[in-house]
Amino acid sequence: MADIVDGCSGTDAVSEPDYRKRKQRYIEHLEEASPSVRPVSAADKLANIRSIITDCRAVGDGLWARFNAPKVDQLWYYGSLSKAFSRLGPTSVARELEEALAELLRLTGESPVNRKEAE
C-alpha cells in the first residue's frame, strides 16, 4: 500500500518550484508506474477535478486564486492527465476524467489547452 501511495505522489514544490516541470515529471512517471498505481492516481485526479467543478459552480473564476498555478496551467495539467490515462489506462476512469475536463472547460468557457498553446 505504501508503494502505491508513494507512486501517486509527485515531486513537492520545494524540490521543483516550477509547476509545469513538476507536473510534467509526474505525467512522465505514469508511463513507468506499476499497474496498481495508475488506477489509484486516476481516481485521485478524477476526485480532484470533480471538486474543482463543484467549486467552479459555487465560486466561479475566483476559485483559481486558491491554486499555486494559474488556471491555464491547471487546465493544461488535467488535459495532459486525461490524455495519459486514456493511453495508459484505466480506461473507464480515463473516460470519466475526459468528461469531467469537458465539463470544466464548458463552465470556464475555455478551450482545451496543450503545452505549446500555453507557453
# chains A, B, ... in the order shown; residues from 1 in each chain; ligands from 1
call {"tool": "residues_around", "arguments": {"residues": "segment 72-80 of chain A", "least_positions_apart": "2", "cutoff": "9 Å", "atoms": "only C-alpha atoms", "output": "PyMOL selection string"}}
result
chain A and resi 19-20+23-24+27+45+49+64+67+69-70+82-85+97-98+101+104-105+110+112-115+118
call {"tool": "write_last_selection", "arguments": {"atoms": "C-alpha atoms", "output": "PDB file, in the first residue's frame"}}
result
ATOM      1  CA  TYR A  19       4.678  23.961 -11.664  1.00  0.00           C
ATOM      2  CA  ARG A  20       4.836  22.813 -15.299  1.00  0.00           C
ATOM      3  CA  LYS A  23       3.534  18.187 -13.213  1.00  0.00           C
ATOM      4  CA  GLN A  24       5.176  17.070 -16.467  1.00  0.00           C
ATOM      5  CA  ILE A  27       2.807  12.627 -16.035  1.00  0.00           C
ATOM      6  CA  LYS A  45      -7.209  13.101 -10.122  1.00  0.00           C
ATOM      7  CA  ILE A  49     -11.288  17.710 -10.914  1.00  0.00           C
ATOM      8  CA  TRP A  64      -8.397  29.731  -9.279  1.00  0.00           C
ATOM      9  CA  PHE A  67      -4.123  27.325  -6.522  1.00  0.00           C
ATOM     10  CA  ALA A  69      -0.584  27.928 -10.524  1.00  0.00           C
ATOM     11  CA  PRO A  70      -2.845  29.852 -12.905  1.00  0.00           C
ATOM     12  CA  SER A  82      -6.621  12.826 -19.364  1.00  0.00           C
ATOM     13  CA  LYS A  83      -4.526  12.038 -22.431  1.00  0.00           C
ATOM     14  CA  ALA A  84      -2.031   9.988 -20.409  1.00  0.00           C
ATOM     15  CA  PHE A  85      -4.687   7.884 -18.681  1.00  0.00           C
ATOM     16  CA  LEU A  97     -11.734  12.244 -16.387  1.00  0.00           C
ATOM     17  CA  GLU A  98     -12.156  13.310 -20.030  1.00  0.00           C
ATOM     18  CA  LEU A 101     -12.480  18.007 -18.091  1.00  0.00           C
ATOM     19  CA  LEU A 104     -14.839  22.141 -16.525  1.00  0.00           C
ATOM     20  CA  LEU A 105     -13.899  23.658 -19.879  1.00  0.00           C
ATOM     21  CA  GLU A 110     -12.025  27.793 -22.059  1.00  0.00           C
ATOM     22  CA  PRO A 112      -8.627  22.579 -24.484  1.00  0.00           C
ATOM     23  CA  VAL A 113      -5.120  23.695 -23.661  1.00  0.00           C
ATOM     24  CA  ASN A 114      -1.982  21.910 -24.646  1.00  0.00           C
ATOM     25  CA  ARG A 115       1.557  22.691 -23.625  1.00  0.00           C
ATOM     26  CA  ALA A 118       0.032  27.816 -23.030  1.00  0.00           C
TER      27      ALA A 118
END
call {"tool": "select_by_dssp", "arguments": {"residues": "segment 36-116 of chain A", "states": "helix (DSSP H, G or I)", "output": "ChimeraX atom specification"}}
result
/A:37-66,71-88,91-108,115-116
